[in-house]
>>> print(open('data.cif').read())   # mmCIF, C-alpha atoms
data_input
loop_
_atom_site.group_PDB
_atom_site.id
_atom_site.type_symbol
_atom_site.label_atom_id
_atom_site.label_comp_id
_atom_site.auth_asym_id
_atom_site.auth_seq_id
_atom_site.Cartn_x
_atom_site.Cartn_y
_atom_site.Cartn_z
ATOM 1 C CA MET A 1 24.666 -74.259 26.865
ATOM 2 C CA SER A 2 27.142 -76.876 25.729
ATOM 3 C CA VAL A 3 30.845 -76.449 26.306
ATOM 4 C CA ASN A 4 31.381 -75.981 22.597
ATOM 5 C CA ARG A 5 28.710 -73.319 22.329
ATOM 6 C CA LEU A 6 30.074 -71.569 25.412
ATOM 7 C CA ALA A 7 33.577 -71.611 23.928
ATOM 8 C CA ALA A 8 32.268 -70.268 20.638
ATOM 9 C CA ALA A 9 30.426 -67.485 22.429
ATOM 10 C CA LEU A 10 33.557 -66.530 24.363
ATOM 11 C CA VAL A 11 35.669 -66.484 21.207
ATOM 12 C CA ALA A 12 33.060 -64.369 19.446
ATOM 13 C CA ALA A 13 32.973 -61.930 22.363
ATOM 14 C CA LEU A 14 36.750 -61.655 22.360
ATOM 15 C CA LEU A 15 36.903 -61.100 18.623
ATOM 16 C CA ALA A 16 34.156 -58.515 18.790
ATOM 17 C CA GLY A 17 36.032 -56.638 21.485
ATOM 18 C CA GLY A 18 32.852 -55.985 23.397
ATOM 19 C CA PRO A 19 29.953 -53.631 23.059
ATOM 20 C CA GLY A 20 30.433 -49.983 22.214
ATOM 21 C CA TRP A 21 33.675 -50.029 20.274
ATOM 22 C CA ALA A 22 34.811 -51.060 16.831
ATOM 23 C CA ALA A 23 36.752 -54.243 16.296
ATOM 24 C CA GLY A 24 39.629 -54.897 13.984
ATOM 25 C CA GLY A 25 41.737 -51.828 14.573
ATOM 26 C CA ASP A 26 44.682 -51.210 12.274
ATOM 27 C CA PRO A 27 47.800 -50.393 14.336
ATOM 28 C CA ALA A 28 49.567 -48.758 11.372
ATOM 29 C CA ARG A 29 46.666 -46.387 10.890
ATOM 30 C CA GLY A 30 46.542 -45.974 14.646
ATOM 31 C CA GLU A 31 50.154 -44.833 14.702
ATOM 32 C CA GLU A 32 49.211 -42.043 12.285
ATOM 33 C CA ILE A 33 46.270 -41.068 14.466
ATOM 34 C CA TYR A 34 48.544 -41.044 17.527
ATOM 35 C CA GLN A 35 50.385 -38.095 15.948
ATOM 36 C CA ARG A 36 47.374 -36.029 17.008
ATOM 37 C CA CYS A 37 48.250 -36.777 20.611
ATOM 38 C CA VAL A 38 51.926 -35.854 20.684
ATOM 39 C CA ALA A 39 51.506 -32.185 21.511
ATOM 40 C CA CYS A 40 50.673 -33.440 24.999
ATOM 41 C CA HIS A 41 51.579 -37.134 25.220
ATOM 42 C CA ALA A 42 54.534 -39.437 24.683
ATOM 43 C CA LEU A 43 54.714 -43.174 25.033
ATOM 44 C CA ALA A 44 57.646 -43.390 27.419
ATOM 45 C CA GLN A 45 57.672 -40.011 29.177
ATOM 46 C CA ASN A 46 55.320 -37.881 31.164
ATOM 47 C CA ARG A 47 54.803 -34.631 29.320
ATOM 48 C CA VAL A 48 51.731 -32.389 29.427
ATOM 49 C CA GLY A 49 49.828 -35.656 29.735
ATOM 50 C CA PRO A 50 50.923 -38.900 31.385
ATOM 51 C CA ARG A 51 53.054 -41.523 29.645
ATOM 52 C CA HIS A 52 51.219 -44.232 27.766
ATOM 53 C CA CYS A 53 53.579 -47.167 28.327
ATOM 54 C CA GLY A 54 51.792 -49.698 30.516
ATOM 55 C CA LEU A 55 48.423 -48.115 29.797
ATOM 56 C CA PHE A 56 46.259 -51.232 29.473
ATOM 57 C CA GLY A 57 45.283 -52.609 32.857
ATOM 58 C CA ARG A 58 46.518 -49.550 34.690
ATOM 59 C CA LYS A 59 44.326 -47.701 37.135
ATOM 60 C CA ALA A 60 43.598 -44.136 36.064
ATOM 61 C CA GLY A 61 45.663 -41.568 37.917
ATOM 62 C CA ALA A 62 48.414 -44.023 38.804
ATOM 63 C CA VAL A 63 51.443 -42.977 36.766
ATOM 64 C CA PRO A 64 54.200 -41.885 39.158
ATOM 65 C CA ASN A 65 55.410 -38.301 39.030
ATOM 66 C CA TYR A 66 52.432 -37.082 37.034
ATOM 67 C CA GLN A 67 50.063 -34.524 38.519
ATOM 68 C CA TYR A 68 46.554 -35.686 37.698
ATOM 69 C CA SER A 69 43.308 -33.846 38.138
ATOM 70 C CA ALA A 70 41.373 -34.767 41.251
ATOM 71 C CA ALA A 71 38.606 -36.026 38.992
ATOM 72 C CA MET A 72 40.881 -38.527 37.257
ATOM 73 C CA LYS A 73 42.345 -39.781 40.515
ATOM 74 C CA LYS A 74 38.880 -40.319 41.923
ATOM 75 C CA SER A 75 37.406 -41.873 38.789
ATOM 76 C CA GLY A 76 38.163 -45.449 39.752
ATOM 77 C CA THR A 77 38.707 -46.222 36.099
ATOM 78 C CA VAL A 78 40.906 -49.078 34.983
ATOM 79 C CA TRP A 79 42.047 -48.609 31.400
ATOM 80 C CA ASP A 80 40.910 -51.285 29.002
ATOM 81 C CA ASP A 81 39.334 -51.331 25.541
ATOM 82 C CA GLU A 82 35.969 -50.186 26.761
ATOM 83 C CA THR A 83 37.058 -47.473 29.186
ATOM 84 C CA LEU A 84 39.646 -46.104 26.774
ATOM 85 C CA ASP A 85 37.158 -46.099 23.922
ATOM 86 C CA ARG A 86 34.693 -44.138 26.019
ATOM 87 C CA PHE A 87 37.323 -41.699 27.283
ATOM 88 C CA ILE A 88 38.941 -41.050 23.911
ATOM 89 C CA GLU A 89 35.546 -40.447 22.334
ATOM 90 C CA ASN A 90 34.789 -37.571 24.700
ATOM 91 C CA PRO A 91 37.274 -37.020 27.531
ATOM 92 C CA LEU A 92 35.460 -34.154 29.223
ATOM 93 C CA LYS A 93 32.234 -36.135 29.324
ATOM 94 C CA ALA A 94 33.772 -39.463 30.353
ATOM 95 C CA VAL A 95 35.683 -37.957 33.267
ATOM 96 C CA ALA A 96 34.231 -34.570 34.090
ATOM 97 C CA GLY A 97 37.031 -32.426 35.435
ATOM 98 C CA THR A 98 39.829 -34.123 33.520
ATOM 99 C CA LYS A 99 42.734 -31.953 32.427
ATOM 100 C CA MET A 100 42.438 -33.375 28.917
ATOM 101 C CA GLY A 101 40.694 -30.495 27.209
ATOM 102 C CA TYR A 102 40.116 -32.154 23.880
ATOM 103 C CA ALA A 103 36.994 -32.847 21.872
ATOM 104 C CA GLY A 104 37.860 -36.484 21.368
ATOM 105 C CA VAL A 105 38.145 -38.907 18.482
ATOM 106 C CA LYS A 106 34.586 -39.287 17.250
ATOM 107 C CA ASP A 107 35.063 -41.939 14.568
ATOM 108 C CA PRO A 108 34.732 -45.456 16.098
ATOM 109 C CA GLN A 109 37.093 -46.958 13.543
ATOM 110 C CA GLU A 110 39.731 -44.320 14.258
ATOM 111 C CA ARG A 111 39.436 -45.108 17.959
ATOM 112 C CA ALA A 112 39.777 -48.813 17.217
ATOM 113 C CA ASP A 113 42.870 -48.106 15.124
ATOM 114 C CA LEU A 114 44.340 -45.921 17.847
ATOM 115 C CA LEU A 115 43.725 -48.541 20.509
ATOM 116 C CA ALA A 116 45.219 -51.248 18.294
ATOM 117 C CA TYR A 117 48.377 -49.163 18.017
ATOM 118 C CA LEU A 118 48.475 -48.375 21.722
ATOM 119 C CA LYS A 119 48.074 -52.045 22.599
ATOM 120 C CA GLN A 120 51.286 -52.787 20.742
ATOM 121 C CA ALA A 121 53.299 -49.658 21.418
ATOM 122 C CA THR A 122 52.620 -49.428 25.146
ATOM 123 C CA VAL A 123 54.232 -52.802 25.767
ATOM 124 C CA ASP A 124 57.028 -52.487 23.197
ATOM 125 C CA PRO A 125 60.211 -53.155 25.168
ATOM 126 C CA THR A 126 62.254 -50.996 22.820
ATOM 127 C CA ILE A 127 60.059 -48.014 23.728
ATOM 128 C CA CYS A 128 58.832 -48.786 27.233
ATOM 129 C CA ARG A 129 61.862 -49.395 29.350
ATOM 130 C CA MET B 1 65.344 -21.467 1.777
ATOM 131 C CA THR B 2 65.242 -17.718 1.694
ATOM 132 C CA ALA B 3 66.419 -15.542 4.516
ATOM 133 C CA ILE B 4 64.038 -15.382 7.413
ATOM 134 C CA ASP B 5 62.565 -12.074 8.432
ATOM 135 C CA THR B 6 63.463 -11.731 12.060
ATOM 136 C CA THR B 7 61.953 -8.294 12.485
ATOM 137 C CA PRO B 8 60.068 -8.374 15.757
ATOM 138 C CA ARG B 9 56.445 -8.995 15.053
ATOM 139 C CA ARG B 10 53.798 -6.703 16.370
ATOM 140 C CA SER B 11 52.299 -8.010 19.513
ATOM 141 C CA PHE B 12 49.661 -10.671 18.957
ATOM 142 C CA LEU B 13 47.534 -8.734 21.344
ATOM 143 C CA SER B 14 48.121 -5.202 20.181
ATOM 144 C CA GLY B 15 48.419 -5.976 16.485
ATOM 145 C CA LEU B 16 46.822 -8.780 14.577
ATOM 146 C CA GLY B 17 44.838 -10.039 17.525
ATOM 147 C CA ARG B 18 43.193 -6.694 18.073
ATOM 148 C CA ILE B 19 42.221 -6.479 14.462
ATOM 149 C CA THR B 20 40.948 -9.980 13.919
ATOM 150 C CA LEU B 21 39.464 -10.851 17.295
ATOM 151 C CA SER B 22 36.789 -9.061 19.179
ATOM 152 C CA THR B 23 34.612 -8.790 22.240
ATOM 153 C CA THR B 24 35.060 -11.518 24.818
ATOM 154 C CA ALA B 25 38.140 -13.139 23.343
ATOM 155 C CA ILE B 26 39.907 -9.840 23.107
ATOM 156 C CA ALA B 27 38.862 -9.057 26.629
ATOM 157 C CA LEU B 28 40.225 -12.341 27.888
ATOM 158 C CA LEU B 29 43.326 -12.516 25.780
ATOM 159 C CA ALA B 30 44.210 -8.865 26.237
ATOM 160 C CA GLY B 31 43.535 -8.850 29.934
ATOM 161 C CA GLN B 32 40.863 -6.180 29.876
ATOM 162 C CA GLU B 33 39.087 -6.756 33.126
ATOM 163 C CA GLN B 34 36.031 -4.720 32.313
ATOM 164 C CA LEU B 35 35.224 -6.882 29.313
ATOM 165 C CA ALA B 36 36.176 -10.225 30.746
ATOM 166 C CA LEU B 37 33.912 -13.237 30.563
ATOM 167 C CA VAL B 38 34.069 -13.935 34.277
ATOM 168 C CA GLY B 39 30.744 -13.225 35.823
ATOM 169 C CA THR B 40 28.798 -13.738 32.630
ATOM 170 C CA ALA B 41 29.256 -17.449 32.152
ATOM 171 C CA SER B 42 28.250 -20.340 34.311
ATOM 172 C CA ALA B 43 30.830 -21.905 36.594
ATOM 173 C CA GLN B 44 30.783 -25.149 34.644
ATOM 174 C CA THR B 45 31.287 -23.325 31.364
ATOM 175 C CA ALA B 46 34.220 -21.468 32.822
ATOM 176 C CA ASN B 47 35.633 -24.684 34.274
ATOM 177 C CA ASN B 48 35.478 -26.521 30.970
ATOM 178 C CA ASP B 49 36.927 -23.627 29.033
ATOM 179 C CA THR B 50 39.633 -23.243 31.664
ATOM 180 C CA ALA B 51 40.596 -26.917 31.326
ATOM 181 C CA ILE B 52 40.721 -26.623 27.546
ATOM 182 C CA LEU B 53 42.811 -23.455 27.624
ATOM 183 C CA ASN B 54 45.137 -24.927 30.232
ATOM 184 C CA ALA B 55 45.683 -28.011 28.069
ATOM 185 C CA ALA B 56 46.593 -25.712 25.195
ATOM 186 C CA LEU B 57 48.848 -23.708 27.468
ATOM 187 C CA GLY B 58 50.682 -26.877 28.489
ATOM 188 C CA ALA B 59 51.269 -27.754 24.848
ATOM 189 C CA GLU B 60 52.555 -24.242 24.150
ATOM 190 C CA GLN B 61 54.967 -24.457 27.083
ATOM 191 C CA GLN B 62 56.236 -27.763 25.752
ATOM 192 C CA ALA B 63 56.758 -26.223 22.305
ATOM 193 C CA ILE B 64 58.704 -23.343 23.827
ATOM 194 C CA ALA B 65 60.964 -25.842 25.600
ATOM 195 C CA ALA B 66 61.398 -27.901 22.424
ATOM 196 C CA TYR B 67 62.458 -24.888 20.380
ATOM 197 C CA GLN B 68 64.808 -23.887 23.186
ATOM 198 C CA LEU B 69 66.375 -27.316 22.986
ATOM 199 C CA GLY B 70 66.683 -27.019 19.217
ATOM 200 C CA ALA B 71 68.062 -23.488 19.275
ATOM 201 C CA GLY B 72 70.623 -24.428 21.880
ATOM 202 C CA SER B 73 71.621 -27.709 20.306
ATOM 203 C CA GLY B 74 74.210 -26.229 17.954
ATOM 204 C CA LEU B 75 72.620 -28.279 15.179
ATOM 205 C CA LEU B 76 70.607 -25.489 13.562
ATOM 206 C CA GLN B 77 72.256 -23.244 11.004
ATOM 207 C CA LYS B 78 71.011 -19.844 9.854
ATOM 208 C CA PRO B 79 68.443 -19.113 8.531
ATOM 209 C CA VAL B 80 66.824 -22.192 10.104
ATOM 210 C CA LEU B 81 68.002 -21.093 13.527
ATOM 211 C CA ASP B 82 66.273 -17.738 13.062
ATOM 212 C CA LEU B 83 63.146 -19.560 12.005
ATOM 213 C CA ALA B 84 63.178 -21.671 15.166
ATOM 214 C CA VAL B 85 63.618 -18.593 17.331
ATOM 215 C CA GLN B 86 60.794 -16.835 15.516
ATOM 216 C CA PHE B 87 58.449 -19.792 15.955
ATOM 217 C CA GLN B 88 59.397 -20.051 19.610
ATOM 218 C CA GLY B 89 58.448 -16.381 19.930
ATOM 219 C CA HIS B 90 55.016 -17.141 18.514
ATOM 220 C CA HIS B 91 54.534 -19.920 21.050
ATOM 221 C CA LYS B 92 55.571 -17.560 23.836
ATOM 222 C CA GLN B 93 52.913 -15.103 22.692
ATOM 223 C CA HIS B 94 50.318 -17.872 22.549
ATOM 224 C CA ALA B 95 51.288 -19.060 26.025
ATOM 225 C CA ASP B 96 51.155 -15.569 27.472
ATOM 226 C CA ALA B 97 47.727 -14.930 25.991
ATOM 227 C CA LEU B 98 46.372 -18.307 27.139
ATOM 228 C CA ALA B 99 47.694 -17.857 30.674
ATOM 229 C CA LYS B 100 46.003 -14.481 30.920
ATOM 230 C CA ALA B 101 42.760 -15.947 29.608
ATOM 231 C CA VAL B 102 42.860 -18.754 32.183
ATOM 232 C CA GLN B 103 43.361 -16.202 34.932
ATOM 233 C CA LYS B 104 40.482 -14.104 33.688
ATOM 234 C CA LEU B 105 38.273 -17.178 33.805
ATOM 235 C CA GLY B 106 39.216 -17.579 37.454
ATOM 236 C CA GLY B 107 41.566 -20.483 36.902
ATOM 237 C CA THR B 108 45.209 -21.084 37.634
ATOM 238 C CA PRO B 109 47.473 -21.337 34.610
ATOM 239 C CA VAL B 110 49.545 -24.502 34.451
ATOM 240 C CA THR B 111 53.261 -24.017 34.825
ATOM 241 C CA PRO B 112 55.943 -25.458 32.554
ATOM 242 C CA LEU B 113 57.426 -28.826 33.461
ATOM 243 C CA LYS B 114 60.966 -28.833 34.822
ATOM 244 C CA ASP B 115 61.929 -31.519 32.323
ATOM 245 C CA TYR B 116 60.063 -32.681 29.225
ATOM 246 C CA ALA B 117 62.373 -35.661 28.747
ATOM 247 C CA PHE B 118 62.771 -34.896 25.072
ATOM 248 C CA PRO B 119 64.622 -37.552 23.049
ATOM 249 C CA LYS B 120 67.913 -35.649 22.971
ATOM 250 C CA ASP B 121 69.874 -38.752 22.034
ATOM 251 C CA LYS B 122 67.913 -38.990 18.782
ATOM 252 C CA LEU B 123 68.563 -35.387 17.730
ATOM 253 C CA LYS B 124 71.842 -35.608 15.849
ATOM 254 C CA SER B 125 71.291 -33.296 12.893
ATOM 255 C CA GLN B 126 69.373 -30.234 11.791
ATOM 256 C CA ALA B 127 66.909 -32.490 10.004
ATOM 257 C CA ASP B 128 66.319 -34.459 13.213
ATOM 258 C CA VAL B 129 65.510 -31.255 15.093
ATOM 259 C CA LEU B 130 63.215 -30.001 12.360
ATOM 260 C CA ALA B 131 61.413 -33.338 12.152
ATOM 261 C CA PHE B 132 60.926 -33.349 15.919
ATOM 262 C CA ALA B 133 59.586 -29.797 15.843
ATOM 263 C CA ALA B 134 57.289 -30.652 12.943
ATOM 264 C CA THR B 135 55.866 -33.570 14.911
ATOM 265 C CA LEU B 136 55.061 -31.300 17.834
ATOM 266 C CA GLU B 137 53.580 -28.620 15.590
ATOM 267 C CA LYS B 138 51.346 -31.188 13.902
ATOM 268 C CA GLY B 139 50.273 -32.383 17.322
ATOM 269 C CA ALA B 140 49.532 -28.814 18.348
ATOM 270 C CA VAL B 141 47.365 -28.304 15.279
ATOM 271 C CA SER B 142 45.417 -31.421 16.249
ATOM 272 C CA ALA B 143 45.152 -30.243 19.838
ATOM 273 C CA TYR B 144 43.652 -26.926 18.792
ATOM 274 C CA LEU B 145 41.387 -28.699 16.345
ATOM 275 C CA GLY B 146 40.184 -30.688 19.345
ATOM 276 C CA ALA B 147 39.712 -27.532 21.396
ATOM 277 C CA VAL B 148 37.916 -25.218 19.001
ATOM 278 C CA PRO B 149 34.595 -27.107 18.802
ATOM 279 C CA ILE B 150 34.251 -27.577 22.553
ATOM 280 C CA LEU B 151 35.167 -24.134 23.801
ATOM 281 C CA THR B 152 31.838 -22.832 24.998
ATOM 282 C CA ASP B 153 32.674 -19.233 24.349
ATOM 283 C CA ARG B 154 32.728 -18.763 20.600
ATOM 284 C CA GLU B 155 35.111 -15.837 20.755
ATOM 285 C CA LEU B 156 37.585 -18.003 22.633
ATOM 286 C CA ALA B 157 37.080 -20.662 19.970
ATOM 287 C CA LYS B 158 37.864 -18.045 17.357
ATOM 288 C CA ALA B 159 41.036 -17.108 19.205
ATOM 289 C CA ALA B 160 42.049 -20.773 19.413
ATOM 290 C CA ALA B 161 41.418 -21.138 15.690
ATOM 291 C CA SER B 162 43.679 -18.162 15.097
ATOM 292 C CA ILE B 163 46.478 -19.932 16.977
ATOM 293 C CA LEU B 164 45.719 -23.150 15.087
ATOM 294 C CA GLY B 165 46.312 -21.312 11.828
ATOM 295 C CA ASP B 166 49.664 -20.016 13.017
ATOM 296 C CA GLU B 167 50.824 -23.455 14.142
ATOM 297 C CA ALA B 168 49.667 -25.038 10.900
ATOM 298 C CA MET B 169 51.905 -22.556 9.103
ATOM 299 C CA HIS B 170 54.805 -23.583 11.351
ATOM 300 C CA TRP B 171 54.167 -27.209 10.488
ATOM 301 C CA ALA B 172 54.048 -26.484 6.761
ATOM 302 C CA VAL B 173 57.251 -24.430 6.794
ATOM 303 C CA LEU B 174 59.088 -27.116 8.767
ATOM 304 C CA ARG B 175 57.914 -29.782 6.326
ATOM 305 C CA HIS B 176 59.086 -27.620 3.439
ATOM 306 C CA ALA B 177 62.487 -27.180 5.083
ATOM 307 C CA LEU B 178 62.698 -30.969 5.373
ATOM 308 C CA GLY B 179 61.984 -31.363 1.666
ATOM 309 C CA GLN B 180 58.526 -32.753 2.317
ATOM 310 C CA ASN B 181 55.234 -31.706 0.795
ATOM 311 C CA PRO B 182 54.406 -28.732 3.022
ATOM 312 C CA VAL B 183 50.652 -29.224 2.723
ATOM 313 C CA PRO B 184 50.097 -32.946 2.333
ATOM 314 C CA ASP B 185 46.325 -32.978 2.686
ATOM 315 C CA ALA B 186 43.299 -30.789 2.100
ATOM 316 C CA PHE B 187 42.216 -31.257 5.704
ATOM 317 C CA VAL B 188 44.067 -31.514 9.004
ATOM 318 C CA SER B 189 42.987 -33.919 11.707
#
>>> encode(input="data.cif", output="structure tokens")
Amino acid sequence: MSVNRLAAALVAALLAGGPGWAAGGDPARGEEIYQRCVACHALAQNRVGPRHCGLFGRKAGAVPNYQYSAAMKKSGTVWDDETLDRFIENPLKAVAGTKMGYAGVKDPQERADLLAYLKQATVDPTICR
Amino acid sequence: MTAIDTTPRRSFLSGLGRITLSTTAIALLAGQEQLALVGTASAQTANNDTAILNAALGAEQQAIAAYQLGAGSGLLQKPVLDLAVQFQGHHKQHADALAKAVQKLGGTPVTPLKDYAFPKDKLKSQADVLAFAATLEKGAVSAYLGAVPILTDRELAKAAASILGDEAMHWAVLRHALGQNPVPDAFVS
């Protein structure tokens, strides 16, 4: 494979976001979808669920001062597009024993929108201090 | 807004709940040992249902704390203050029923957090408090919507749907008090 073709393939892979999840999420729509989460979650604070600031690249079960399930701590998961997509789709299946007793977001586009929002909001310095 | 009826409601368990719910859910939510699900369901079923109910319980405990913050803020005027206290009472009844159900399933009910780190600095008016409460109520509706289809025991799902309906009414009333369309969509998500 030529360098150009390799570069094109890499760009295509990045734009596609990878297998198993929808590309092109809309963060504005994702912010609306995030309102479904706020009974348990907040961006900057631990509540019923752990804070979301710093989510991408974080190891599951690693937020200080949050009491995780044993299953989550042992999962070995690192949160990225793929692992989050899988978890949000069906939390109880993705990490059996998780405390997140929720059916999940079944629509791939809604998950893509939600992740697009989280990618922005979880590193927003005005929120995540 | 009209005056709020603050007459103590009949117990969720001894009143409406006993009329509208039945069999296993009543047994679990009312604490009737002889009818409880434990012993009739698989361990995994009980574990999943316990996790789901505990997640709901955590959300209810957070709502109780949020309404306590609002009621004690000095920002709410009657009859809105009475409304907040009434809604908090509903959440207390939900939490009590859920905790008993978790115990009957053999689980340990989650306990309230010491501090929910609510955004107190952003609550400067009655409207701010109502908007914050509405956000949590909407989230609670979504949480129950995410619980109902995966509760293995259908009577528990029915009980969760009953709570969902109550919290959707809270959300609508709060939106109305804020001058917003109380029922903005045909479906909730």
>>> residues_around(input="data.cif", residues="A:Leu114", least_positions_apart="4", cutoff="10 Å", atoms="all atoms listed in the file", output="ChimeraX atom specification")
/A:25-34,85,88,105,108-110,118-119
>>> write_last_selection(input="data.cif", atoms="C-alpha atoms", output="PDB file, in the frame of the given file")
ATOM      1  CA  GLY A  25      41.737 -51.828  14.573  1.00  0.00           C
ATOM      2  CA  ASP A  26      44.682 -51.210  12.274  1.00  0.00           C
ATOM      3  CA  PRO A  27      47.800 -50.393  14.336  1.00  0.00           C
ATOM      4  CA  ALA A  28      49.567 -48.758  11.372  1.00  0.00           C
ATOM      5  CA  ARG A  29      46.666 -46.387  10.890  1.00  0.00           C
ATOM      6  CA  GLY A  30      46.542 -45.974  14.646  1.00  0.00           C
ATOM      7  CA  GLU A  31      50.154 -44.833  14.702  1.00  0.00           C
ATOM      8  CA  GLU A  32      49.211 -42.043  12.285  1.00  0.00           C
ATOM      9  CA  ILE A  33      46.270 -41.068  14.466  1.00  0.00           C
ATOM     10  CA  TYR A  34      48.544 -41.044  17.527  1.00  0.00           C
ATOM     11  CA  ASP A  85      37.158 -46.099  23.922  1.00  0.00           C
ATOM     12  CA  ILE A  88      38.941 -41.050  23.911  1.00  0.00           C
ATOM     13  CA  VAL A 105      38.145 -38.907  18.482  1.00  0.00           C
ATOM     14  CA  PRO A 108      34.732 -45.456  16.098  1.00  0.00           C
ATOM     15  CA  GLN A 109      37.093 -46.958  13.543  1.00  0.00           C
ATOM     16  CA  GLU A 110      39.731 -44.320  14.258  1.00  0.00           C
ATOM     17  CA  LEU A 118      48.475 -48.375  21.722  1.00  0.00           C
ATOM     18  CA  LYS A 119      48.074 -52.045  22.599  1.00  0.00           C
TER      19      LYS A 119
END
>>> closest_atom_pairs(input="data.cif", of="chain A", to="chain B", cutoff="8 Å", atoms="all atoms listed in the file", output="CSV")
residue,atom,partner,partner_atom,distance
A:Gln35,CA,B:Gly139,CA,5.9
A:Arg36,CA,B:Gly139,CA,4.7
A:Cys37,CA,B:Gly139,CA,5.8
A:Val38,CA,B:Gly139,CA,5.1
A:Ala39,CA,B:Gly139,CA,4.4
A:Cys40,CA,B:Ala59,CA,5.7
A:Gln45,CA,B:Ala117,CA,6.4
A:Asn46,CA,B:Tyr116,CA,7.3
A:Arg47,CA,B:Tyr116,CA,5.6
A:Val48,CA,B:Gly58,CA,5.7
A:Leu92,CA,B:Asn48,CA,7.8
A:Gly97,CA,B:Asn48,CA,7.6
A:Thr98,CA,B:Ala51,CA,7.6
A:Lys99,CA,B:Ala51,CA,5.6
A:Met100,CA,B:Ala55,CA,6.3
A:Gly101,CA,B:Ile52,CA,3.9
A:Tyr102,CA,B:Gly146,CA,4.8
A:Ala103,CA,B:Gly146,CA,4.6
A:Gly104,CA,B:Gly146,CA,6.6
>>> closest_residue(input="data.cif", among="A:Asp80, A:Gly49, A:Ala62, A:Gly54", to="A:Gln120", atoms="all atoms listed in the file")
A:Gly54
>>> atom_distance(input="data.cif", atom1="atom CA of B:His91", atom2="atom CA of A:Glu89")
28.0 Å
>>> resolve_selection(input="data.cif", expression="the PyMOL selection byres ((chain B and resi 129) around 9)", output="ChimeraX atom specification")
/B:67,69-70,73,75-76,122-128,130-134
>>> write_last_selection(input="data.cif", atoms="C-alpha atoms", output="compact mmCIF listing (two decimals), in the frame of the given file")
# COMPACT_ATOMS: atom_id res chain seq x y z
CA TYR B 67 62.46 -24.89 20.38
CA LEU B 69 66.38 -27.32 22.99
CA GLY B 70 66.68 -27.02 19.22
CA SER B 73 71.62 -27.71 20.31
CA LEU B 75 72.62 -28.28 15.18
CA LEU B 76 70.61 -25.49 13.56
CA LYS B 122 67.91 -38.99 18.78
CA LEU B 123 68.56 -35.39 17.73
CA LYS B 124 71.84 -35.61 15.85
CA SER B 125 71.29 -33.30 12.89
CA GLN B 126 69.37 -30.23 11.79
CA ALA B 127 66.91 -32.49 10.00
CA ASP B 128 66.32 -34.46 13.21
CA LEU B 130 63.22 -30.00 12.36
CA ALA B 131 61.41 -33.34 12.15
CA PHE B 132 60.93 -33.35 15.92
CA ALA B 133 59.59 -29.80 15.84
CA ALA B 134 57.29 -30.65 12.94
>>> atom_distance(input="data.cif", atom1="atom CA of B:Ala161", atom2="atom CA of B:Pro184")
19.8 Å
>>> closest_residue(input="data.cif", among="A:Lys74, A:Lys93, A:Arg129, A:Arg111", to="A:His52", atoms="all atoms listed in the file")
A:Arg129
>>> atom_distance(input="data.cif", atom1="atom CA of B:Ala97", atom2="atom CA of B:Asp166")
14.1 Å
>>> resolve_selection(input="data.cif", expression="the PyMOL selection byres ((chain A and resi 55) around 12)", output="PyMOL selection string")
chain A and resi 42-44+50-54+56-63+77-81+83-84+115+117-124+128
>>> closest_residue(input="data.cif", among="B:Ala95, B:Gln88, B:Val102, B:Ala46", to="B:Thr152", atoms="all atoms listed in the file")
B:Ala46
>>> closest_residue(input="data.cif", among="A:Arg86, A:Pro91, A:His41, A:Ile127", to="A:Met72", atoms="all atoms listed in the file")
A:Pro91
>>> build_atoms(input="data.cif", residues="stretch 63-72 of chain A", atoms="N, CA and C atoms", output="mmCIF file, in the frame of the given file")
data_model
loop_
_atom_site.group_PDB
_atom_site.id
_atom_site.type_symbol
_atom_site.label_atom_id
_atom_site.label_comp_id
_atom_site.auth_asym_id
_atom_site.auth_seq_id
_atom_site.Cartn_x
_atom_site.Cartn_y
_atom_site.Cartn_z
ATOM 1 N N VAL A 63 50.068 -43.102 37.256
ATOM 2 C CA VAL A 63 51.443 -42.977 36.766
ATOM 3 C C VAL A 63 52.256 -42.130 37.752
ATOM 4 N N PRO A 64 53.384 -42.654 38.208
ATOM 5 C CA PRO A 64 54.200 -41.885 39.158
ATOM 6 C C PRO A 64 54.695 -40.577 38.558
ATOM 7 N N ASN A 65 54.826 -39.603 39.403
ATOM 8 C CA ASN A 65 55.410 -38.301 39.030
ATOM 9 C C ASN A 65 54.589 -37.542 37.999
ATOM 10 N N TYR A 66 53.305 -37.876 37.890
ATOM 11 C CA TYR A 66 52.432 -37.082 37.034
ATOM 12 C C TYR A 66 51.325 -36.497 37.902
ATOM 13 N N GLN A 67 51.067 -35.213 37.705
ATOM 14 C CA GLN A 67 50.063 -34.524 38.519
ATOM 15 C C GLN A 67 48.707 -34.589 37.833
ATOM 16 N N TYR A 68 47.886 -35.503 38.287
ATOM 17 C CA TYR A 68 46.554 -35.686 37.698
ATOM 18 C C TYR A 68 45.548 -34.695 38.275
ATOM 19 N N SER A 69 44.449 -34.559 37.571
ATOM 20 C CA SER A 69 43.308 -33.846 38.138
ATOM 21 C C SER A 69 42.720 -34.697 39.265
ATOM 22 N N ALA A 70 42.055 -34.031 40.171
ATOM 23 C CA ALA A 70 41.373 -34.767 41.251
ATOM 24 C C ALA A 70 40.320 -35.685 40.662
ATOM 25 N N ALA A 71 39.664 -35.217 39.612
ATOM 26 C CA ALA A 71 38.606 -36.026 38.992
ATOM 27 C C ALA A 71 39.155 -37.334 38.450
ATOM 28 N N MET A 72 40.307 -37.301 37.812
ATOM 29 C CA MET A 72 40.881 -38.527 37.257
ATOM 30 C C MET A 72 41.301 -39.476 38.381
#
